[in-house]
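> Provided herewith is a single structure, encoded as C-alpha cells, for subsequent inquiry.
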Amino acid sequence: MQSETEFVRGRNGIIYRGCGNFVLTVKSSITTAKQLAQTYLEANNPTGWFEELYTLANWDETAIPWADLTVNPNLSAWLQREQVRGEGKKALVIGCGLGDDAEALSQLGFEVVAFDIAPTAITWCGKRFPESQVTYSVVDLFEATESWQGYFDFVFESRTLQALPAELRAKAIKIIPQWVKLGGKLLVICRGRDSHQPEGEIPWPLTREELTVLQQYGLTEVSFEDYWDEKNPPVRRFRVCYSSRNNSYNS
C-alpha cells in the first residue's frame, strides 16, 4: 500500500495518488475534488478530503475549484446592495478557503475571524495576505470553541454546508446559529434545489426546508433569494439573511 502522496500535473489534467492505494486520473480540479470527496466519504471521513486537496494543489490555486482569488460575487453584491459597514463589529467566516471573503469583510471595517478545517488552507491565507488584519484559524466546525457562542455581529457561510453529507449538514445547521449575537446577522449562500428534485452529487444543493431549520434556533428569516447566478452554465443559488432580531447594520 502506498503511504506517500504523489502529485503530477500533465498537459491534459492531473494525475495523483494518495489515501493509501487510492489512484485517480482526472481532467479538472472539479473532478479531482468530487472523486477525492467520494473516496473519503466511503472511508467514513467526510471532511478529511479538504486538507488532502489543498496539499495536492501544492500552492497552485487553479487546483482548488472554489478558489476564484476574488471575493464571492454573491457576497459582494449583497454587501453593496445592503450598504454594509463593519466598524466596531465582529464577523466570522465559515470555511474561509483562501481568504478572499474574509479580506473583503475586513476591508469593510469588521474585526474578522476566519476558519477552515484544512491547515494548509490557513497557511495559504497567510502567504497570500501577510499584512492581513484577519485572524485565521484551523478549526473544525463541530469542535469550535464555546467562546464563540453569541459573539459575532455577522456570520457568513458559503460552500461549507453544501460540501457536507446530509447527516453532518443537519448537525452544522444546528451549530451555526449559536455564533450569532443578539442583534446580529447570518448570511447563507448555497446551491439550491426543490425538495422533490434529486440531491445529485457534491456540492449538494440544499432545499429551503433544510434552511428553515435555522429558525428553530433563535433566528428570524429576513430575506430569501432564489436565483440563477452568472456562471456558465448558470447555477441555482439561495441567498438567505437571518437575524436574531429585527435590526439594521446601519441603525
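In the C-alpha cells, each chain is lettered A, B, ... as it comes, each chain's residues begin at 1, and ligands are numbered from 1 in order of appearance.
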Which residues are near Ile30 (chain A)? Cut-off 8 Å, only C-alpha atoms, ignore same chain within fewer than 2 positions. Put them as a VMD selection string.
chain A and resid 28 32 to 34 64 to 65
> Export N, CA, C and O atoms of the chosen residues as a PDB file, in the first residue's frame?

ATOM      1  N   SER A  28      -9.808  17.762 -14.491  1.00  0.00           N
ATOM      2  CA  SER A  28     -10.092  19.100 -13.983  1.00  0.00           C
ATOM      3  C   SER A  28     -10.056  19.061 -12.472  1.00  0.00           C
ATOM      4  O   SER A  28     -10.185  18.015 -11.845  1.00  0.00           O
ATOM      5  N   THR A  32     -11.386  16.241  -9.706  1.00  0.00           N
ATOM      6  CA  THR A  32     -10.488  15.827  -8.637  1.00  0.00           C
ATOM      7  C   THR A  32     -11.180  15.919  -7.290  1.00  0.00           C
ATOM      8  O   THR A  32     -11.177  14.972  -6.498  1.00  0.00           O
ATOM      9  N   ALA A  33     -11.771  17.073  -7.011  1.00  0.00           N
ATOM     10  CA  ALA A  33     -12.408  17.299  -5.712  1.00  0.00           C
ATOM     11  C   ALA A  33     -13.562  16.335  -5.489  1.00  0.00           C
ATOM     12  O   ALA A  33     -13.705  15.764  -4.396  1.00  0.00           O
ATOM     13  N   LYS A  34     -14.380  16.123  -6.499  1.00  0.00           N
ATOM     14  CA  LYS A  34     -15.537  15.242  -6.349  1.00  0.00           C
ATOM     15  C   LYS A  34     -15.108  13.802  -6.090  1.00  0.00           C
ATOM     16  O   LYS A  34     -15.671  13.118  -5.221  1.00  0.00           O
ATOM     17  N   ILE A  64      -7.750  24.262  -6.931  1.00  0.00           N
ATOM     18  CA  ILE A  64      -8.834  24.360  -5.955  1.00  0.00           C
ATOM     19  C   ILE A  64     -10.060  24.911  -6.677  1.00  0.00           C
ATOM     20  O   ILE A  64     -10.077  26.078  -7.062  1.00  0.00           O
ATOM     21  N   PRO A  65     -11.092  24.098  -6.892  1.00  0.00           N
ATOM     22  CA  PRO A  65     -12.201  24.517  -7.767  1.00  0.00           C
ATOM     23  C   PRO A  65     -12.971  25.736  -7.283  1.00  0.00           C
ATOM     24  O   PRO A  65     -13.563  26.450  -8.092  1.00  0.00           O
TER      25      PRO A  65
END
> Write out as a ChimeraX atom specification each polymer residue whose atoms come within 9 Å of Asp226 (chain A), counting only C-alpha atoms; drop sequence neighbours fewer than 3 positions from it.
/A:192,236-240
> Please produce a file of the residues just selected, as a compact mmCIF listing (two decimals), in the first residue's frame, where the atoms kept are all heavy atoms.

# COMPACT_ATOMS: atom_id res chain seq x y z
N GLY A 192 -28.98 25.65 -4.57
CA GLY A 192 -30.34 25.37 -4.14
C GLY A 192 -31.06 24.41 -5.07
O GLY A 192 -30.72 24.28 -6.25
N ARG A 236 -28.16 27.46 -9.78
CA ARG A 236 -29.22 27.96 -8.92
C ARG A 236 -28.67 28.18 -7.52
O ARG A 236 -28.03 27.31 -6.94
CB ARG A 236 -30.39 26.98 -8.87
CG ARG A 236 -31.60 27.50 -8.09
CD ARG A 236 -32.69 26.46 -8.03
NE ARG A 236 -33.86 26.93 -7.31
CZ ARG A 236 -34.91 26.18 -7.01
NH1 ARG A 236 -34.95 24.90 -7.37
NH2 ARG A 236 -35.92 26.69 -6.33
N ARG A 237 -28.93 29.37 -6.97
CA ARG A 237 -28.43 29.73 -5.64
C ARG A 237 -29.56 30.16 -4.73
O ARG A 237 -30.57 30.71 -5.17
CB ARG A 237 -27.45 30.90 -5.74
CG ARG A 237 -26.28 30.70 -6.67
CD ARG A 237 -25.16 29.93 -6.04
NE ARG A 237 -24.02 29.81 -6.96
CZ ARG A 237 -22.96 29.06 -6.72
NH1 ARG A 237 -22.86 28.38 -5.59
NH2 ARG A 237 -21.98 28.98 -7.61
N PHE A 238 -29.35 29.90 -3.44
CA PHE A 238 -30.15 30.51 -2.39
C PHE A 238 -29.23 31.49 -1.65
O PHE A 238 -28.09 31.16 -1.32
CB PHE A 238 -30.66 29.48 -1.39
CG PHE A 238 -31.68 28.52 -1.92
CD1 PHE A 238 -31.86 27.29 -1.30
CD2 PHE A 238 -32.45 28.82 -3.03
CE1 PHE A 238 -32.80 26.38 -1.77
CE2 PHE A 238 -33.39 27.92 -3.52
CZ PHE A 238 -33.56 26.70 -2.90
N ARG A 239 -29.75 32.69 -1.43
CA ARG A 239 -29.03 33.67 -0.58
C ARG A 239 -30.02 34.11 0.48
O ARG A 239 -31.02 34.76 0.19
CB ARG A 239 -28.54 34.86 -1.42
CG ARG A 239 -27.77 35.90 -0.61
CD ARG A 239 -27.05 36.89 -1.50
NE ARG A 239 -27.93 37.52 -2.45
CZ ARG A 239 -27.53 38.11 -3.59
NH1 ARG A 239 -26.24 38.12 -3.90
NH2 ARG A 239 -28.39 38.67 -4.41
N VAL A 240 -29.71 33.73 1.72
CA VAL A 240 -30.68 33.92 2.80
C VAL A 240 -30.04 34.69 3.95
O VAL A 240 -28.94 34.34 4.41
CB VAL A 240 -31.19 32.56 3.33
CG1 VAL A 240 -32.47 32.76 4.13
CG2 VAL A 240 -31.42 31.58 2.19
> Can you list every residue of region 80-159 of chain A that has an atom at most 12 Å from region 163-176 of chain A, with its nearest atom pair and the distance in Å to one decimal, using only C-alpha atoms, ordered by chain then number, as CSV?

residue,atom,partner,partner_atom,distance
A:Leu92,CA,A:Ile176,CA,10.3
A:Val93,CA,A:Ile176,CA,10.9
A:Ile94,CA,A:Ile176,CA,9.0
A:Gly95,CA,A:Ala163,CA,10.2
A:Asp140,CA,A:Ala172,CA,10.7
A:Leu141,CA,A:Ala172,CA,7.4
A:Phe142,CA,A:Ala172,CA,7.1
A:Glu143,CA,A:Ile175,CA,9.9
A:Ala144,CA,A:Ile175,CA,9.3
A:Thr145,CA,A:Ile175,CA,11.4
A:Glu146,CA,A:Ile175,CA,10.8
A:Trp148,CA,A:Ile176,CA,10.1
A:Gln149,CA,A:Ile176,CA,9.2
A:Gly150,CA,A:Ile176,CA,10.2
A:Tyr151,CA,A:Ile176,CA,11.6
A:Phe152,CA,A:Ile176,CA,10.9
A:Phe154,CA,A:Ile176,CA,11.4
A:Val155,CA,A:Ile176,CA,8.3
A:Phe156,CA,A:Ile176,CA,9.6
A:Glu157,CA,A:Ile176,CA,8.7
A:Ser158,CA,A:Ala163,CA,9.7
A:Arg159,CA,A:Ala163,CA,6.3
> Please identify all polymer residues within 8 Å of Pro177 (chain A), counting only C-alpha atoms, omitting same-chain residues fewer than 2 positions from it, and present them as a ChimeraX atom specification.
/A:173-175,179-180,186,214,217-219
> Enumerate the residues of region 113-214 of chain A with a DSSP assignment of alpha helix (DSSP H), computed from the backbone, and present them as a PDB file with all heavy atoms, in the first residue's frame.

ATOM      1  N   PRO A 119      -5.511  22.776   7.564  1.00  0.00           N
ATOM      2  CA  PRO A 119      -4.354  23.588   7.960  1.00  0.00           C
ATOM      3  C   PRO A 119      -3.627  24.224   6.777  1.00  0.00           C
ATOM      4  O   PRO A 119      -3.154  25.364   6.874  1.00  0.00           O
ATOM      5  CB  PRO A 119      -3.447  22.573   8.679  1.00  0.00           C
ATOM      6  CG  PRO A 119      -4.384  21.517   9.182  1.00  0.00           C
ATOM      7  CD  PRO A 119      -5.439  21.412   8.124  1.00  0.00           C
ATOM      8  N   THR A 120      -3.541  23.504   5.669  1.00  0.00           N
ATOM      9  CA  THR A 120      -2.842  24.064   4.508  1.00  0.00           C
ATOM     10  C   THR A 120      -3.568  25.284   3.960  1.00  0.00           C
ATOM     11  O   THR A 120      -2.938  26.240   3.486  1.00  0.00           O
ATOM     12  CB  THR A 120      -2.679  22.989   3.417  1.00  0.00           C
ATOM     13  OG1 THR A 120      -1.908  21.907   3.930  1.00  0.00           O
ATOM     14  CG2 THR A 120      -1.970  23.550   2.195  1.00  0.00           C
ATOM     15  N   ALA A 121      -4.897  25.286   4.017  1.00  0.00           N
ATOM     16  CA  ALA A 121      -5.662  26.454   3.570  1.00  0.00           C
ATOM     17  C   ALA A 121      -5.325  27.671   4.420  1.00  0.00           C
ATOM     18  O   ALA A 121      -5.154  28.790   3.903  1.00  0.00           O
ATOM     19  CB  ALA A 121      -7.157  26.158   3.612  1.00  0.00           C
ATOM     20  N   ILE A 122      -5.233  27.475   5.729  1.00  0.00           N
ATOM     21  CA  ILE A 122      -4.932  28.591   6.625  1.00  0.00           C
ATOM     22  C   ILE A 122      -3.505  29.104   6.393  1.00  0.00           C
ATOM     23  O   ILE A 122      -3.258  30.318   6.366  1.00  0.00           O
ATOM     24  CB  ILE A 122      -5.136  28.163   8.092  1.00  0.00           C
ATOM     25  CG1 ILE A 122      -6.622  27.821   8.335  1.00  0.00           C
ATOM     26  CG2 ILE A 122      -4.679  29.257   9.039  1.00  0.00           C
ATOM     27  CD1 ILE A 122      -7.594  28.935   8.018  1.00  0.00           C
ATOM     28  N   THR A 123      -2.568  28.199   6.193  1.00  0.00           N
ATOM     29  CA  THR A 123      -1.202  28.614   5.861  1.00  0.00           C
ATOM     30  C   THR A 123      -1.183  29.401   4.560  1.00  0.00           C
ATOM     31  O   THR A 123      -0.486  30.416   4.421  1.00  0.00           O
ATOM     32  CB  THR A 123      -0.293  27.380   5.735  1.00  0.00           C
ATOM     33  OG1 THR A 123      -0.273  26.684   6.978  1.00  0.00           O
ATOM     34  CG2 THR A 123       1.128  27.783   5.367  1.00  0.00           C
ATOM     35  N   TRP A 124      -1.976  28.952   3.604  1.00  0.00           N
ATOM     36  CA  TRP A 124      -2.071  29.605   2.295  1.00  0.00           C
ATOM     37  C   TRP A 124      -2.595  31.032   2.444  1.00  0.00           C
ATOM     38  O   TRP A 124      -2.106  31.958   1.787  1.00  0.00           O
ATOM     39  CB  TRP A 124      -3.003  28.776   1.411  1.00  0.00           C
ATOM     40  CG  TRP A 124      -2.758  28.858  -0.063  1.00  0.00           C
ATOM     41  CD1 TRP A 124      -2.333  29.931  -0.785  1.00  0.00           C
ATOM     42  CD2 TRP A 124      -2.965  27.796  -1.007  1.00  0.00           C
ATOM     43  NE1 TRP A 124      -2.269  29.620  -2.117  1.00  0.00           N
ATOM     44  CE2 TRP A 124      -2.642  28.316  -2.272  1.00  0.00           C
ATOM     45  CE3 TRP A 124      -3.405  26.482  -0.891  1.00  0.00           C
ATOM     46  CZ2 TRP A 124      -2.767  27.546  -3.442  1.00  0.00           C
ATOM     47  CZ3 TRP A 124      -3.509  25.718  -2.043  1.00  0.00           C
ATOM     48  CH2 TRP A 124      -3.190  26.242  -3.297  1.00  0.00           C
ATOM     49  N   CYS A 125      -3.594  31.208   3.309  1.00  0.00           N
ATOM     50  CA  CYS A 125      -4.126  32.557   3.560  1.00  0.00           C
ATOM     51  C   CYS A 125      -3.023  33.477   4.070  1.00  0.00           C
ATOM     52  O   CYS A 125      -2.921  34.639   3.651  1.00  0.00           O
ATOM     53  CB  CYS A 125      -5.261  32.497   4.587  1.00  0.00           C
ATOM     54  SG  CYS A 125      -6.793  31.747   4.006  1.00  0.00           S
ATOM     55  N   GLY A 126      -2.206  32.949   4.966  1.00  0.00           N
ATOM     56  CA  GLY A 126      -1.107  33.753   5.488  1.00  0.00           C
ATOM     57  C   GLY A 126      -0.105  34.142   4.430  1.00  0.00           C
ATOM     58  O   GLY A 126       0.444  35.246   4.450  1.00  0.00           O
ATOM     59  N   LYS A 127       0.141  33.250   3.486  1.00  0.00           N
ATOM     60  CA  LYS A 127       1.055  33.549   2.387  1.00  0.00           C
ATOM     61  C   LYS A 127       0.461  34.600   1.449  1.00  0.00           C
ATOM     62  O   LYS A 127       1.174  35.473   0.938  1.00  0.00           O
ATOM     63  CB  LYS A 127       1.373  32.268   1.608  1.00  0.00           C
ATOM     64  CG  LYS A 127       2.247  31.262   2.345  1.00  0.00           C
ATOM     65  CD  LYS A 127       2.464  30.019   1.504  1.00  0.00           C
ATOM     66  CE  LYS A 127       3.404  29.033   2.186  1.00  0.00           C
ATOM     67  NZ  LYS A 127       4.793  29.543   2.235  1.00  0.00           N
ATOM     68  N   ARG A 128      -0.835  34.499   1.200  1.00  0.00           N
ATOM     69  CA  ARG A 128      -1.484  35.441   0.277  1.00  0.00           C
ATOM     70  C   ARG A 128      -1.651  36.829   0.880  1.00  0.00           C
ATOM     71  O   ARG A 128      -1.570  37.841   0.178  1.00  0.00           O
ATOM     72  CB  ARG A 128      -2.870  34.912  -0.129  1.00  0.00           C
ATOM     73  CG  ARG A 128      -2.856  33.663  -0.989  1.00  0.00           C
ATOM     74  CD  ARG A 128      -4.257  33.400  -1.535  1.00  0.00           C
ATOM     75  NE  ARG A 128      -4.666  34.456  -2.448  1.00  0.00           N
ATOM     76  CZ  ARG A 128      -5.928  34.852  -2.618  1.00  0.00           C
ATOM     77  NH1 ARG A 128      -6.900  34.283  -1.938  1.00  0.00           N
ATOM     78  NH2 ARG A 128      -6.212  35.811  -3.487  1.00  0.00           N
ATOM     79  N   ALA A 166     -25.672  14.783   4.218  1.00  0.00           N
ATOM     80  CA  ALA A 166     -26.903  15.229   4.869  1.00  0.00           C
ATOM     81  C   ALA A 166     -26.847  15.169   6.391  1.00  0.00           C
ATOM     82  O   ALA A 166     -27.274  16.107   7.079  1.00  0.00           O
ATOM     83  CB  ALA A 166     -28.077  14.409   4.340  1.00  0.00           C
ATOM     84  N   GLU A 167     -26.331  14.075   6.950  1.00  0.00           N
ATOM     85  CA  GLU A 167     -26.312  13.938   8.403  1.00  0.00           C
ATOM     86  C   GLU A 167     -25.443  14.991   9.064  1.00  0.00           C
ATOM     87  O   GLU A 167     -25.848  15.628  10.047  1.00  0.00           O
ATOM     88  CB  GLU A 167     -25.818  12.537   8.788  1.00  0.00           C
ATOM     89  CG  GLU A 167     -25.822  12.280  10.282  1.00  0.00           C
ATOM     90  CD  GLU A 167     -25.370  10.870  10.638  1.00  0.00           C
ATOM     91  OE1 GLU A 167     -25.228  10.036   9.718  1.00  0.00           O
ATOM     92  OE2 GLU A 167     -25.157  10.608  11.836  1.00  0.00           O
ATOM     93  N   LEU A 168     -24.253  15.224   8.517  1.00  0.00           N
ATOM     94  CA  LEU A 168     -23.374  16.248   9.064  1.00  0.00           C
ATOM     95  C   LEU A 168     -23.927  17.642   8.806  1.00  0.00           C
ATOM     96  O   LEU A 168     -23.789  18.541   9.634  1.00  0.00           O
ATOM     97  CB  LEU A 168     -21.979  16.129   8.454  1.00  0.00           C
ATOM     98  CG  LEU A 168     -21.000  15.139   9.087  1.00  0.00           C
ATOM     99  CD1 LEU A 168     -19.641  15.260   8.434  1.00  0.00           C
ATOM    100  CD2 LEU A 168     -20.894  15.352  10.585  1.00  0.00           C
ATOM    101  N   ARG A 169     -24.545  17.826   7.663  1.00  0.00           N
ATOM    102  CA  ARG A 169     -25.127  19.127   7.329  1.00  0.00           C
ATOM    103  C   ARG A 169     -26.201  19.519   8.352  1.00  0.00           C
ATOM    104  O   ARG A 169     -26.268  20.678   8.784  1.00  0.00           O
ATOM    105  CB  ARG A 169     -25.711  19.086   5.918  1.00  0.00           C
ATOM    106  CG  ARG A 169     -26.173  20.438   5.396  1.00  0.00           C
ATOM    107  CD  ARG A 169     -26.322  20.403   3.900  1.00  0.00           C
ATOM    108  NE  ARG A 169     -27.325  19.467   3.436  1.00  0.00           N
ATOM    109  CZ  ARG A 169     -27.090  18.446   2.610  1.00  0.00           C
ATOM    110  NH1 ARG A 169     -25.860  18.217   2.181  1.00  0.00           N
ATOM    111  NH2 ARG A 169     -28.073  17.666   2.221  1.00  0.00           N
ATOM    112  N   ALA A 170     -27.019  18.561   8.739  1.00  0.00           N
ATOM    113  CA  ALA A 170     -28.059  18.827   9.724  1.00  0.00           C
ATOM    114  C   ALA A 170     -27.457  19.236  11.066  1.00  0.00           C
ATOM    115  O   ALA A 170     -27.970  20.128  11.751  1.00  0.00           O
ATOM    116  CB  ALA A 170     -28.950  17.595   9.894  1.00  0.00           C
ATOM    117  N   LYS A 171     -26.340  18.615  11.444  1.00  0.00           N
ATOM    118  CA  LYS A 171     -25.664  18.978  12.685  1.00  0.00           C
ATOM    119  C   LYS A 171     -25.088  20.387  12.600  1.00  0.00           C
ATOM    120  O   LYS A 171     -25.171  21.164  13.555  1.00  0.00           O
ATOM    121  CB  LYS A 171     -24.555  17.970  12.989  1.00  0.00           C
ATOM    122  CG  LYS A 171     -25.058  16.581  13.360  1.00  0.00           C
ATOM    123  CD  LYS A 171     -23.885  15.641  13.653  1.00  0.00           C
ATOM    124  CE  LYS A 171     -24.372  14.246  14.020  1.00  0.00           C
ATOM    125  NZ  LYS A 171     -23.239  13.320  14.297  1.00  0.00           N
ATOM    126  N   ALA A 172     -24.497  20.707  11.447  1.00  0.00           N
ATOM    127  CA  ALA A 172     -23.906  22.041  11.269  1.00  0.00           C
ATOM    128  C   ALA A 172     -24.971  23.126  11.331  1.00  0.00           C
ATOM    129  O   ALA A 172     -24.742  24.211  11.886  1.00  0.00           O
ATOM    130  CB  ALA A 172     -23.166  22.101   9.935  1.00  0.00           C
ATOM    131  N   ILE A 173     -26.129  22.850  10.767  1.00  0.00           N
ATOM    132  CA  ILE A 173     -27.221  23.819  10.761  1.00  0.00           C
ATOM    133  C   ILE A 173     -27.673  24.144  12.181  1.00  0.00           C
ATOM    134  O   ILE A 173     -28.149  25.251  12.460  1.00  0.00           O
ATOM    135  CB  ILE A 173     -28.387  23.290   9.894  1.00  0.00           C
ATOM    136  CG1 ILE A 173     -28.022  23.434   8.404  1.00  0.00           C
ATOM    137  CG2 ILE A 173     -29.689  24.014  10.197  1.00  0.00           C
ATOM    138  CD1 ILE A 173     -29.018  22.812   7.456  1.00  0.00           C
ATOM    139  N   LYS A 174     -27.512  23.198  13.099  1.00  0.00           N
ATOM    140  CA  LYS A 174     -27.863  23.440  14.498  1.00  0.00           C
ATOM    141  C   LYS A 174     -26.791  24.234  15.226  1.00  0.00           C
ATOM    142  O   LYS A 174     -27.083  24.943  16.185  1.00  0.00           O
ATOM    143  CB  LYS A 174     -28.081  22.103  15.208  1.00  0.00           C
ATOM    144  CG  LYS A 174     -29.278  21.315  14.714  1.00  0.00           C
ATOM    145  CD  LYS A 174     -29.407  19.995  15.465  1.00  0.00           C
ATOM    146  CE  LYS A 174     -30.591  19.181  14.962  1.00  0.00           C
ATOM    147  NZ  LYS A 174     -30.716  17.879  15.682  1.00  0.00           N
ATOM    148  N   ILE A 175     -25.547  24.102  14.786  1.00  0.00           N
ATOM    149  CA  ILE A 175     -24.426  24.749  15.468  1.00  0.00           C
ATOM    150  C   ILE A 175     -24.274  26.210  15.073  1.00  0.00           C
ATOM    151  O   ILE A 175     -24.074  27.092  15.929  1.00  0.00           O
ATOM    152  CB  ILE A 175     -23.120  23.987  15.176  1.00  0.00           C
ATOM    153  CG1 ILE A 175     -23.164  22.603  15.829  1.00  0.00           C
ATOM    154  CG2 ILE A 175     -21.902  24.775  15.663  1.00  0.00           C
ATOM    155  CD1 ILE A 175     -22.017  21.714  15.420  1.00  0.00           C
ATOM    156  N   ARG A 208     -35.015  24.590   0.636  1.00  0.00           N
ATOM    157  CA  ARG A 208     -35.466  25.645   1.549  1.00  0.00           C
ATOM    158  C   ARG A 208     -35.893  25.046   2.884  1.00  0.00           C
ATOM    159  O   ARG A 208     -35.714  25.671   3.938  1.00  0.00           O
ATOM    160  CB  ARG A 208     -36.622  26.423   0.918  1.00  0.00           C
ATOM    161  CG  ARG A 208     -37.089  27.587   1.780  1.00  0.00           C
ATOM    162  CD  ARG A 208     -37.895  28.609   1.057  1.00  0.00           C
ATOM    163  NE  ARG A 208     -38.111  29.790   1.878  1.00  0.00           N
ATOM    164  CZ  ARG A 208     -38.670  30.895   1.460  1.00  0.00           C
ATOM    165  NH1 ARG A 208     -39.073  31.002   0.196  1.00  0.00           N
ATOM    166  NH2 ARG A 208     -38.827  31.924   2.277  1.00  0.00           N
ATOM    167  N   GLU A 209     -36.442  23.841   2.827  1.00  0.00           N
ATOM    168  CA  GLU A 209     -36.872  23.188   4.060  1.00  0.00           C
ATOM    169  C   GLU A 209     -35.695  22.950   5.002  1.00  0.00           C
ATOM    170  O   GLU A 209     -35.822  23.099   6.224  1.00  0.00           O
ATOM    171  CB  GLU A 209     -37.568  21.865   3.729  1.00  0.00           C
ATOM    172  CG  GLU A 209     -38.942  22.008   3.103  1.00  0.00           C
ATOM    173  CD  GLU A 209     -38.880  22.365   1.610  1.00  0.00           C
ATOM    174  OE1 GLU A 209     -37.763  22.338   1.032  1.00  0.00           O
ATOM    175  OE2 GLU A 209     -39.941  22.668   1.030  1.00  0.00           O
ATOM    176  N   GLU A 210     -34.533  22.571   4.449  1.00  0.00           N
ATOM    177  CA  GLU A 210     -33.350  22.379   5.286  1.00  0.00           C
ATOM    178  C   GLU A 210     -32.955  23.679   5.979  1.00  0.00           C
ATOM    179  O   GLU A 210     -32.619  23.695   7.174  1.00  0.00           O
ATOM    180  CB  GLU A 210     -32.184  21.885   4.444  1.00  0.00           C
ATOM    181  CG  GLU A 210     -32.235  20.439   4.031  1.00  0.00           C
ATOM    182  CD  GLU A 210     -31.006  20.037   3.244  1.00  0.00           C
ATOM    183  OE1 GLU A 210     -30.939  20.359   2.041  1.00  0.00           O
ATOM    184  OE2 GLU A 210     -30.114  19.402   3.836  1.00  0.00           O
ATOM    185  N   LEU A 211     -32.972  24.758   5.232  1.00  0.00           N
ATOM    186  CA  LEU A 211     -32.559  26.040   5.784  1.00  0.00           C
ATOM    187  C   LEU A 211     -33.564  26.595   6.782  1.00  0.00           C
ATOM    188  O   LEU A 211     -33.195  27.351   7.693  1.00  0.00           O
ATOM    189  CB  LEU A 211     -32.333  27.042   4.653  1.00  0.00           C
ATOM    190  CG  LEU A 211     -31.144  26.725   3.733  1.00  0.00           C
ATOM    191  CD1 LEU A 211     -31.123  27.664   2.537  1.00  0.00           C
ATOM    192  CD2 LEU A 211     -29.833  26.801   4.496  1.00  0.00           C
ATOM    193  N   THR A 212     -34.820  26.220   6.626  1.00  0.00           N
ATOM    194  CA  THR A 212     -35.851  26.680   7.561  1.00  0.00           C
ATOM    195  C   THR A 212     -35.537  26.253   8.987  1.00  0.00           C
ATOM    196  O   THR A 212     -35.925  26.931   9.954  1.00  0.00           O
ATOM    197  CB  THR A 212     -37.233  26.140   7.141  1.00  0.00           C
ATOM    198  OG1 THR A 212     -37.552  26.653   5.831  1.00  0.00           O
ATOM    199  CG2 THR A 212     -38.322  26.580   8.109  1.00  0.00           C
TER     200      THR A 212
END
> Quick one, how far is CA of Leu206 (chain A) from CA of Pro73 (chain A)?
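These two atoms are separated by 19.3 Å.
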> Can you list, as number ranges by chain, every residue of region 16-197 of chain A that DSSP puts in strand (DSSP E)?
A: 16-18, 22-26, 90-94, 111-116, 135-138, 152-158, 180-191
